[in-house]
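Structure file model-v2.cif; described as mmCIF, C-alpha atoms.
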data_data
loop_
_atom_site.label_atom_id
_atom_site.label_comp_id
_atom_site.auth_asym_id
_atom_site.auth_seq_id
_atom_site.Cartn_x
_atom_site.Cartn_y
_atom_site.Cartn_z
CA MET A 1 -1.14 -14.84 16.53
CA ILE A 2 -1.83 -16.51 13.19
CA GLY A 3 0.46 -19.40 12.38
CA ILE A 4 2.18 -19.37 8.98
CA PRO A 5 3.19 -22.71 7.42
CA ALA A 6 6.88 -22.61 6.57
CA LYS A 7 6.32 -24.04 3.09
CA ARG A 8 4.07 -21.09 2.21
CA VAL A 9 6.62 -18.53 3.33
CA LEU A 10 9.31 -20.34 1.36
CA ALA A 11 7.05 -20.46 -1.70
CA VAL A 12 6.53 -16.71 -1.65
CA LEU A 13 10.22 -15.99 -1.10
CA GLY A 14 11.03 -18.40 -3.93
CA LEU A 15 8.65 -16.52 -6.19
CA ALA A 16 10.46 -13.29 -5.33
CA ILE A 17 13.76 -14.85 -6.40
CA VAL A 18 12.24 -16.03 -9.67
CA LEU A 19 10.91 -12.53 -10.37
CA ALA A 20 14.23 -10.84 -9.66
CA PRO A 21 15.59 -9.38 -12.92
CA GLY A 22 19.08 -10.22 -14.06
CA THR A 23 19.79 -7.61 -16.73
CA PRO A 24 21.09 -4.10 -16.00
CA ALA A 25 18.96 -1.05 -16.72
CA ALA A 26 19.86 1.64 -19.21
CA GLU A 27 22.19 4.35 -17.97
CA GLU A 28 19.44 6.94 -18.22
CA GLU A 29 17.23 7.21 -15.15
CA ILE A 30 13.83 5.82 -16.13
CA GLY A 31 11.91 5.84 -12.88
CA THR A 32 10.41 3.19 -10.64
CA PHE A 33 8.37 0.20 -11.76
CA THR A 34 6.35 -1.45 -9.00
CA VAL A 35 4.41 -4.71 -8.84
CA GLN A 36 2.44 -5.05 -5.60
CA PHE A 37 0.77 -8.29 -4.58
CA GLU A 38 -1.37 -8.62 -1.45
CA ASN A 39 -3.11 -11.83 -0.41
CA ASP A 40 -4.28 -13.21 2.92
CA ARG A 41 -4.19 -16.87 1.94
CA ILE A 42 -0.74 -17.48 3.43
CA ALA A 43 -2.25 -16.87 6.90
CA ASP A 44 -5.01 -19.46 6.28
CA THR A 45 -7.65 -16.73 5.96
CA ASP A 46 -9.80 -15.89 2.96
CA ARG A 47 -12.17 -13.08 3.86
CA HIS A 48 -13.03 -9.41 3.55
CA TYR A 49 -10.19 -7.61 1.72
CA THR A 50 -8.67 -10.83 0.44
CA HIS A 51 -6.52 -9.87 -2.54
CA GLY A 52 -4.98 -6.88 -4.28
CA THR A 53 -2.65 -6.53 -7.26
CA ARG A 54 -1.27 -3.21 -8.50
CA VAL A 55 1.31 -2.38 -11.18
CA THR A 56 2.73 1.16 -11.04
CA TRP A 57 5.33 3.26 -12.80
CA VAL A 58 6.60 6.45 -11.14
CA SER A 59 8.79 8.81 -13.17
CA PRO A 60 12.15 10.21 -12.08
CA GLY A 61 12.16 13.77 -10.77
CA LEU A 62 10.71 16.19 -13.34
CA ARG A 63 12.83 19.20 -12.35
CA ARG A 64 15.87 17.92 -14.29
CA HIS A 65 13.87 16.67 -17.28
CA ILE A 66 11.20 19.32 -17.95
CA PRO A 67 12.47 22.93 -18.12
CA TRP A 68 9.28 24.59 -16.90
CA ALA A 69 8.71 22.14 -14.03
CA ALA A 70 11.04 24.09 -11.75
CA ASP A 71 9.07 27.32 -12.30
CA VAL A 72 5.75 25.61 -11.50
CA LEU A 73 7.15 23.97 -8.38
CA GLU A 74 8.67 27.21 -7.10
CA PHE A 75 5.28 28.90 -7.58
CA LEU A 76 3.38 26.16 -5.73
CA TYR A 77 6.07 25.51 -3.10
CA PRO A 78 7.81 28.89 -2.56
CA PHE A 79 9.21 27.69 0.77
CA ASP A 80 11.46 25.11 -0.94
CA THR A 81 13.41 25.95 -4.09
CA ASN A 82 14.55 22.32 -4.34
CA ALA A 83 11.07 20.76 -4.43
CA ASP A 84 10.73 18.05 -7.06
CA ALA A 85 7.79 16.24 -8.64
CA ARG A 86 7.10 12.83 -10.14
CA VAL A 87 4.17 11.52 -12.14
CA GLY A 88 2.83 8.00 -12.02
CA ILE A 89 0.47 5.60 -13.77
CA ALA A 90 -1.08 2.47 -12.30
CA LEU A 91 -3.29 -0.51 -13.07
CA GLY A 92 -4.82 -2.51 -10.23
CA GLN A 93 -7.40 -5.03 -9.10
CA SER A 94 -8.79 -5.59 -5.59
CA MET A 95 -11.32 -8.12 -4.34
CA PHE A 96 -13.51 -8.52 -1.29
CA THR A 97 -15.44 -11.54 -0.01
CA PRO A 98 -17.43 -12.57 3.07
CA ALA A 99 -15.80 -14.87 5.61
CA ASN A 100 -17.68 -17.96 4.36
CA ILE A 101 -16.78 -18.40 0.70
CA SER A 102 -18.17 -21.95 0.46
CA ALA A 103 -21.81 -20.83 0.75
CA THR A 104 -23.68 -20.29 -2.52
CA GLY A 105 -26.48 -18.13 -1.14
CA LEU A 106 -26.44 -14.51 -0.06
CA ILE A 107 -24.93 -13.99 3.40
CA ALA A 108 -27.01 -11.07 4.61
CA ASP A 109 -24.96 -10.18 7.69
CA ASP A 110 -21.53 -10.20 6.01
CA ARG A 111 -19.97 -8.00 3.37
CA PRO A 112 -20.82 -8.42 -0.33
CA TYR A 113 -18.63 -10.09 -2.89
CA ALA A 114 -17.03 -7.28 -4.89
CA GLY A 115 -14.17 -6.58 -7.27
CA TRP A 116 -12.52 -3.30 -8.33
CA LEU A 117 -10.52 -3.04 -11.56
CA TYR A 118 -8.98 0.38 -12.12
CA ALA A 119 -6.33 2.57 -13.68
CA GLY A 120 -4.73 5.52 -11.92
CA LEU A 121 -2.85 8.73 -12.65
CA SER A 122 -0.82 10.36 -9.89
CA LEU A 123 1.37 13.34 -9.08
CA HIS A 124 3.90 13.27 -6.21
CA VAL A 125 5.81 16.26 -4.87
CA ASP A 126 8.56 15.95 -2.27
CA ALA A 127 9.63 19.16 -0.56
CA ALA A 128 10.73 20.50 2.82
CA GLN A 129 8.93 23.01 5.02
CA THR A 130 9.71 24.78 8.27
CA LEU A 131 7.10 24.10 10.95
CA PHE A 132 7.42 25.06 14.62
CA GLY A 133 11.02 26.07 13.99
CA GLN A 134 11.96 22.67 12.55
CA ARG A 135 12.56 21.63 8.93
CA PHE A 136 10.23 18.79 7.94
CA ASP A 137 10.46 16.70 4.77
CA MET A 138 7.08 16.48 3.06
CA LEU A 139 5.45 14.28 0.42
CA ASP A 140 2.26 15.41 -1.33
CA THR A 141 0.31 12.93 -3.42
CA MET A 142 -2.66 13.52 -5.72
CA GLU A 143 -4.07 10.44 -7.42
CA LEU A 144 -7.12 9.87 -9.63
CA ASP A 145 -8.30 6.26 -9.91
CA PHE A 146 -11.04 5.27 -12.35
CA GLY A 147 -12.42 1.86 -13.28
CA ILE A 148 -15.29 -0.52 -12.68
CA VAL A 149 -16.82 -2.37 -9.74
CA GLY A 150 -18.77 -5.55 -10.46
CA PRO A 151 -18.57 -8.60 -12.76
CA HIS A 152 -16.47 -6.75 -15.34
CA SER A 153 -13.74 -6.24 -12.74
CA TYR A 154 -13.08 -9.96 -13.37
CA ALA A 155 -12.39 -10.52 -9.68
CA GLU A 156 -14.47 -13.71 -9.72
CA GLU A 157 -12.41 -15.21 -12.53
CA THR A 158 -9.15 -14.14 -10.89
CA GLN A 159 -9.97 -15.61 -7.48
CA LYS A 160 -11.27 -18.90 -8.89
CA MET A 161 -8.20 -19.28 -11.08
CA VAL A 162 -5.78 -18.60 -8.22
CA HIS A 163 -7.64 -20.91 -5.85
CA ARG A 164 -7.60 -23.67 -8.46
CA ILE A 165 -3.83 -23.26 -8.93
CA VAL A 166 -2.97 -23.27 -5.20
CA GLY A 167 -5.57 -25.87 -4.22
CA ALA A 168 -7.61 -23.50 -2.06
CA PRO A 169 -11.37 -23.90 -1.51
CA ARG A 170 -13.55 -22.77 -4.41
CA PRO A 171 -15.40 -19.48 -3.75
CA ASN A 172 -19.06 -20.25 -4.49
CA GLY A 173 -20.90 -17.01 -3.77
CA TRP A 174 -19.82 -14.72 -6.62
CA ASP A 175 -23.35 -14.80 -8.12
CA ASN A 176 -24.21 -12.41 -5.29
CA GLN A 177 -21.54 -9.82 -6.09
CA LEU A 178 -22.21 -6.12 -6.60
CA ASP A 179 -23.53 -4.99 -9.99
CA ASP A 180 -21.35 -3.33 -12.61
CA GLU A 181 -20.78 0.34 -11.75
CA PRO A 182 -18.20 2.81 -13.09
CA GLY A 183 -16.03 4.06 -10.25
CA VAL A 184 -13.84 7.05 -9.58
CA VAL A 185 -11.75 8.10 -6.55
CA LEU A 186 -9.69 11.26 -6.08
CA VAL A 187 -7.05 10.90 -3.36
CA LEU A 188 -5.21 13.83 -1.77
CA GLU A 189 -2.58 13.03 0.84
CA ARG A 190 0.28 14.70 2.67
CA LYS A 191 3.03 13.02 4.70
CA TRP A 192 5.53 14.72 6.99
CA ARG A 193 8.86 13.28 8.07
CA THR A 194 10.55 14.83 11.08
CA PRO A 195 14.29 15.54 11.23
CA GLU A 196 16.33 12.62 12.48
CA LEU A 197 17.19 12.74 16.17
CA THR A 198 20.42 10.94 17.08
CA VAL A 199 19.75 8.86 20.17
CA GLY A 200 22.83 6.67 20.39
CA ASP A 201 25.93 5.24 18.77
CA ILE A 202 26.35 1.62 17.77
CA ALA A 203 29.03 -0.29 15.85
CA LEU A 204 27.38 0.54 12.51
CA GLY A 205 27.13 4.26 13.24
CA ASP A 206 24.65 6.70 14.72
CA LEU A 207 21.26 5.43 15.83
CA ALA A 208 18.45 7.81 14.84
CA LEU A 209 14.78 8.34 15.64
CA ASP A 210 12.15 10.01 13.44
CA ALA A 211 8.37 10.13 12.99
CA LEU A 212 6.09 10.01 9.96
CA SER A 213 2.65 11.56 10.12
CA HIS A 214 0.01 11.77 7.44
CA ALA A 215 -3.38 13.25 6.63
CA GLY A 216 -5.53 12.68 3.57
CA VAL A 217 -8.93 12.63 1.97
CA SER A 218 -10.53 10.39 -0.66
CA LEU A 219 -13.57 11.50 -2.67
CA GLY A 220 -15.64 9.35 -5.01
CA ASN A 221 -18.45 6.85 -5.37
CA VAL A 222 -16.06 4.00 -4.56
CA SER A 223 -14.58 5.55 -1.42
CA THR A 224 -15.07 8.80 0.49
CA GLU A 225 -13.08 9.12 3.71
CA LEU A 226 -10.64 11.08 5.84
CA THR A 227 -7.40 9.45 6.91
CA GLY A 228 -4.69 10.23 9.44
CA GLY A 229 -2.00 8.61 11.52
CA VAL A 230 1.55 8.57 12.80
CA MET A 231 4.49 6.17 12.76
CA VAL A 232 7.72 6.26 14.81
CA ARG A 233 10.92 4.69 13.43
CA LEU A 234 14.22 3.88 15.12
CA GLY A 235 17.26 2.88 13.06
CA GLN A 236 19.68 4.11 10.39
CA GLY A 237 19.17 5.63 6.94
CA LEU A 238 15.66 6.83 7.69
CA LYS A 239 15.71 9.38 4.86
CA ALA A 240 15.73 6.56 2.30
CA ASP A 241 11.92 6.47 2.13
CA PHE A 242 8.58 7.76 3.38
CA GLY A 243 7.48 4.25 4.30
CA PRO A 244 6.60 1.32 2.03
CA PRO A 245 4.06 1.77 -0.76
CA HIS A 246 0.93 -0.34 -0.60
CA ILE A 247 -2.52 -0.60 -2.10
CA ARG A 248 -5.04 1.97 -0.94
CA PRO A 249 -7.18 2.81 0.99
CA ASN A 250 -4.21 2.52 3.34
CA LEU A 251 -1.46 5.11 3.57
CA SER A 252 1.13 4.70 0.84
CA GLY A 253 4.71 5.89 0.64
CA LEU A 254 6.37 6.82 -2.64
CA GLY A 255 7.35 3.80 -4.75
CA GLY A 256 10.95 4.94 -5.05
CA PHE A 257 13.59 3.89 -2.56
CA ASP A 258 17.15 5.20 -2.41
CA PRO A 259 19.47 3.70 0.21
CA GLY A 260 22.36 5.71 -1.23
CA GLY A 261 24.70 2.74 -1.08
CA LYS A 262 24.34 2.59 2.70
CA LEU A 263 22.80 0.13 5.12
CA VAL A 264 19.22 1.10 5.92
CA TRP A 265 17.37 -0.51 8.78
CA TYR A 266 14.71 0.53 11.25
CA ALA A 267 12.08 -0.71 13.66
CA PHE A 268 8.70 1.01 13.47
CA ALA A 269 5.35 1.24 15.23
CA GLY A 270 2.33 3.38 14.54
CA ALA A 271 -1.39 3.96 14.65
CA GLY A 272 -3.83 5.39 12.14
CA GLY A 273 -7.50 5.76 11.42
CA ARG A 274 -10.09 6.39 8.74
CA VAL A 275 -13.38 8.27 9.06
CA VAL A 276 -15.47 6.60 6.36
CA GLY A 277 -18.26 8.45 4.59
CA ARG A 278 -18.72 5.90 1.84
CA ASN A 279 -17.31 2.47 1.07
CA ILE A 280 -18.98 0.85 -1.95
CA PHE A 281 -17.66 -2.55 -0.87
CA LEU A 282 -19.84 -2.35 2.26
CA ASP A 283 -22.52 0.19 1.30
CA GLY A 284 -23.34 -1.51 -1.99
CA ASN A 285 -24.00 -0.04 -5.42
CA THR A 286 -24.63 3.69 -5.74
CA PHE A 287 -27.12 3.65 -8.61
CA SER A 288 -28.85 0.27 -8.21
CA SER A 289 -30.20 -1.94 -5.44
CA SER A 290 -27.65 -4.43 -4.13
CA HIS A 291 -26.48 -6.29 -1.06
CA SER A 292 -25.10 -4.00 1.65
CA VAL A 293 -24.25 -4.14 5.35
CA ASP A 294 -24.15 -1.64 8.19
CA ARG A 295 -20.60 -0.49 8.83
CA LYS A 296 -18.45 1.41 11.27
CA VAL A 297 -17.69 5.07 10.60
CA PHE A 298 -14.26 4.91 12.23
CA VAL A 299 -11.72 2.19 11.38
CA GLY A 300 -8.31 2.08 13.05
CA GLY A 301 -5.08 0.30 12.18
CA PHE A 302 -1.92 -0.52 14.13
CA PRO A 303 1.35 -1.47 12.38
CA VAL A 304 4.57 -2.55 14.08
CA GLY A 305 7.63 -4.17 12.55
CA VAL A 306 11.24 -4.02 11.45
CA ALA A 307 12.92 -3.40 8.07
CA ILE A 308 16.47 -3.97 6.83
CA ALA A 309 17.62 -2.75 3.41
CA TRP A 310 20.87 -3.98 1.93
CA THR A 311 21.36 -7.10 -0.16
CA PRO A 312 18.81 -8.51 0.52
CA ARG A 313 16.19 -6.55 2.49
CA LYS A 314 13.94 -8.27 5.01
CA THR A 315 10.89 -6.86 6.74
CA LEU A 316 8.62 -8.31 9.41
CA THR A 317 5.37 -6.54 10.22
CA PHE A 318 2.58 -7.24 12.70
CA GLY A 319 -0.65 -5.27 12.72
CA GLY A 320 -4.40 -5.22 13.05
CA VAL A 321 -7.46 -3.28 12.05
CA THR A 322 -10.60 -2.54 14.01
CA PRO A 323 -13.88 -4.01 12.66
CA GLU A 324 -15.42 -2.41 9.58
CA LEU A 325 -18.84 -4.04 9.96
CA ALA A 326 -21.29 -2.66 12.52
CA SER A 327 -22.06 -6.23 13.58
CA GLY A 328 -18.64 -6.18 15.24
CA GLY A 329 -16.33 -9.18 15.46
CA LEU A 330 -12.97 -9.17 17.18
CA PRO A 331 -12.18 -5.83 18.91
CA CYS A 332 -9.07 -5.64 16.72
CA ARG A 333 -9.08 -8.08 13.81
CA PRO A 334 -5.62 -9.08 12.52
CA PHE A 335 -4.96 -9.26 8.80
CA GLY A 336 -3.11 -12.06 7.13
CA PRO A 337 0.29 -11.53 5.54
CA VAL A 338 0.55 -9.44 2.42
CA PHE A 339 3.46 -9.44 0.01
CA ARG A 340 4.59 -6.69 -2.34
CA PHE A 341 7.12 -7.00 -5.11
CA LEU A 342 8.62 -3.66 -6.16
CA MET A 343 11.18 -3.26 -8.91
CA SER A 344 12.91 0.10 -8.91
CA VAL A 345 14.86 0.85 -12.08
CA SER A 346 17.25 3.77 -11.73
CA GLY A 347 20.67 4.50 -13.17
CA VAL A 348 22.51 1.26 -13.95
CA SER A 349 20.95 -0.82 -11.18
CA GLU A 350 17.76 -2.77 -10.80
CA ARG A 351 16.10 -3.35 -7.47
CA VAL A 352 13.34 -5.79 -6.64
CA PHE A 353 11.49 -4.96 -3.45
CA LEU A 354 9.12 -7.08 -1.41
CA TYR A 355 7.33 -4.80 1.03
CA PRO A 356 5.01 -5.39 4.01
CA GLY A 357 1.63 -3.72 4.36
CA ALA A 358 1.22 -0.92 6.90
CA LEU A 359 -2.14 -2.17 8.16
CA ARG A 360 -1.66 -5.89 7.67
CA ALA A 361 -0.70 -8.55 10.18
CA LEU A 362 2.23 -10.91 10.39
CA SER A 363 3.85 -10.02 7.08
CA GLN A 364 7.32 -11.31 6.27
CA THR A 365 8.95 -9.82 3.20
CA ARG A 366 12.25 -9.67 1.44
CA ARG A 367 13.86 -7.03 -0.73
CA PHE A 368 16.46 -7.89 -3.36
CA ILE A 369 18.79 -5.10 -4.51
CA LEU A 370 20.79 -6.22 -7.52
#
Please express the file's structure as structure tokens.
Amino acid sequence: MIGIPAKRVLAVLGLAIVLAPGTPAAEEEIGTFTVQFENDRIADTDRHYTHGTRVTWVSPGLRRHIPWAADVLEFLYPFDTNADARVGIALGQSMFTPANISATGLIADDRPYAGWLYAGLSLHVDAAQTLFGQRFDMLDTMELDFGIVGPHSYAEETQKMVHRIVGAPRPNGWDNQLDDEPGVVLVLERKWRTPELTVGDIALGDLALDALSHAGVSLGNVSTELTGGVMVRLGQGLKADFGPPHIRPNLSGLGGFDPGGKLVWYAFAGAGGRVVGRNIFLDGNTFSSSHSVDRKVFVGGFPVGVAIAWTPRKTLTFGGVTPELASGGLPCRPFGPVFRFLMSVSGVSERVFLYPGALRALSQTRRFIL
């Protein structure tokens, strides 16, 4: 297990408090605004996927706001006359480094330095479908990300600035990063949520069990892969979400969260995998010669944790991911903690969320609902 200095955890939680808004939203529903922040530094690691930032806005349901949306949804989802859709926009940056960031020369047997700066457009449809005689909730996501890999992603400048601020070691190998290359990724994903199964009765009410499964595909010069997995949850208020949103390539739930004024809590555990056809951050540039490494075709991940949503929300997640590089490493390499700040603006309330990552290790988060 990776030790986490208490002062670092307190610093992140303090930042969440500072970011919590204090003014009420307009009465009109305006959707969900999300700021996600992922960084492994709090676990005293600085390697591989080392940082991600993503800002997203997801609209409220379109059925009530666009007259023809209901007709389109009923045509595409004839099995559910209550299906609803949301659109989203996003801006993000991700960065990747080898394990040794103090070296100035090329490290031939470790992954390249690389950054990815992108914008995204997305469409989300939540519906219900009868399968095997049971009614399953369903979330379909289609997202198109486009941007640039290379020096003009400004990942070098971002990492050096952050390391200078927090007093972390200077990364010295960015002269060896991938070349500039325009990037595009189309993501198609479906999640299923089983009906809740009541398994007991506690002082707070019924105790329920459900499962989330997912399947997806990504196509593009940045990433081409198949994804799949399952998660089991035990708790109360499970219909409040489809799991926490996080930065791809990992499975992401919808940014919105609706506890309905009730206590929501659950423990969860799961397993997932990716069959990777292309990963520019390991395979190198598509249209020019660059540093690259041999990689694994199959990468697995294993999340387990607990979440509580009230005022405030706390989540603790442990997890790991199998090696991506063909040269191996630990049989199941843990990730450092990742933190996500999500502000959901809906009705007259504002919510600030701090989510854990589904495939990241030892992540402690806190959600503020104001």
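Picture a line from CA of Ser288 in chain A to CA of Ile148 in chain A; it runs 14.3 Å.
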- [ ] Using all atoms listed in the file, pick whichever of A:Thr141, A:Thr53, A:Thr97, A:Gln236 has the shortest atom-to-atom distance to Glu196 in chain A.
- [x] A:Gln236
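Candidate residues A:Pro60, A:Gly284, A:Pro98, A:Gly52 were compared for distance to Asn172 in chain A, and the nearest is A:Pro98, using all atoms listed in the file.
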Task: Given all atoms listed in the file as the counted atoms, nearest of A:Trp192, A:Phe37, A:Trp174, A:Thr198 to Thr130 in chain A - done: A:Trp192
Given the file shown, determine the residues that the PyMOL selection byres ((chain A and resi 62) around 12) selects; report them as a short mmCIF file (atom, residue, chain, number, x, y, z; two decimals) with C-alpha atoms, keeping the file's coordinate frame.
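Output (part01.cif):
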data_model
loop_
_atom_site.label_atom_id
_atom_site.label_comp_id
_atom_site.auth_asym_id
_atom_site.auth_seq_id
_atom_site.Cartn_x
_atom_site.Cartn_y
_atom_site.Cartn_z
CA GLU A 29 17.23 7.21 -15.15
CA ILE A 30 13.83 5.82 -16.13
CA GLY A 31 11.91 5.84 -12.88
CA VAL A 58 6.60 6.45 -11.14
CA SER A 59 8.79 8.81 -13.17
CA PRO A 60 12.15 10.21 -12.08
CA GLY A 61 12.16 13.77 -10.77
CA ARG A 63 12.83 19.20 -12.35
CA ARG A 64 15.87 17.92 -14.29
CA HIS A 65 13.87 16.67 -17.28
CA ILE A 66 11.20 19.32 -17.95
CA PRO A 67 12.47 22.93 -18.12
CA TRP A 68 9.28 24.59 -16.90
CA ALA A 69 8.71 22.14 -14.03
CA ALA A 70 11.04 24.09 -11.75
CA ASP A 71 9.07 27.32 -12.30
CA VAL A 72 5.75 25.61 -11.50
CA LEU A 73 7.15 23.97 -8.38
CA ASN A 82 14.55 22.32 -4.34
CA ALA A 83 11.07 20.76 -4.43
CA ASP A 84 10.73 18.05 -7.06
CA ALA A 85 7.79 16.24 -8.64
CA ARG A 86 7.10 12.83 -10.14
CA VAL A 87 4.17 11.52 -12.14
CA GLY A 88 2.83 8.00 -12.02
CA LEU A 123 1.37 13.34 -9.08
CA HIS A 124 3.90 13.27 -6.21
CA VAL A 125 5.81 16.26 -4.87
CA ASP A 126 8.56 15.95 -2.27
#
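Each of A:Asp241, A:Asp110, A:Glu143, A:Glu156 was compared to Ala211 in chain A using only C-alpha atoms, and A:Asp241 turns out to be the nearest.
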Open item on the list: For a test of reading the model, state the distance in Å between CA of Val55 in chain A and CA of Glu157 in chain A, rounded to one decimal.
Closed with: 18.8 Å
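Among the candidates A:Leu212, A:Leu76, A:Met142, A:Ile101, the residue lying nearest to Ala127 in chain A is A:Leu76 (atoms considered: all atoms listed in the file).
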- [ ] Rounded to one decimal place, report the CA of Tyr154 in chain A-CA of Ser94 in chain A distance in Å.
- [x] 9.9 Å
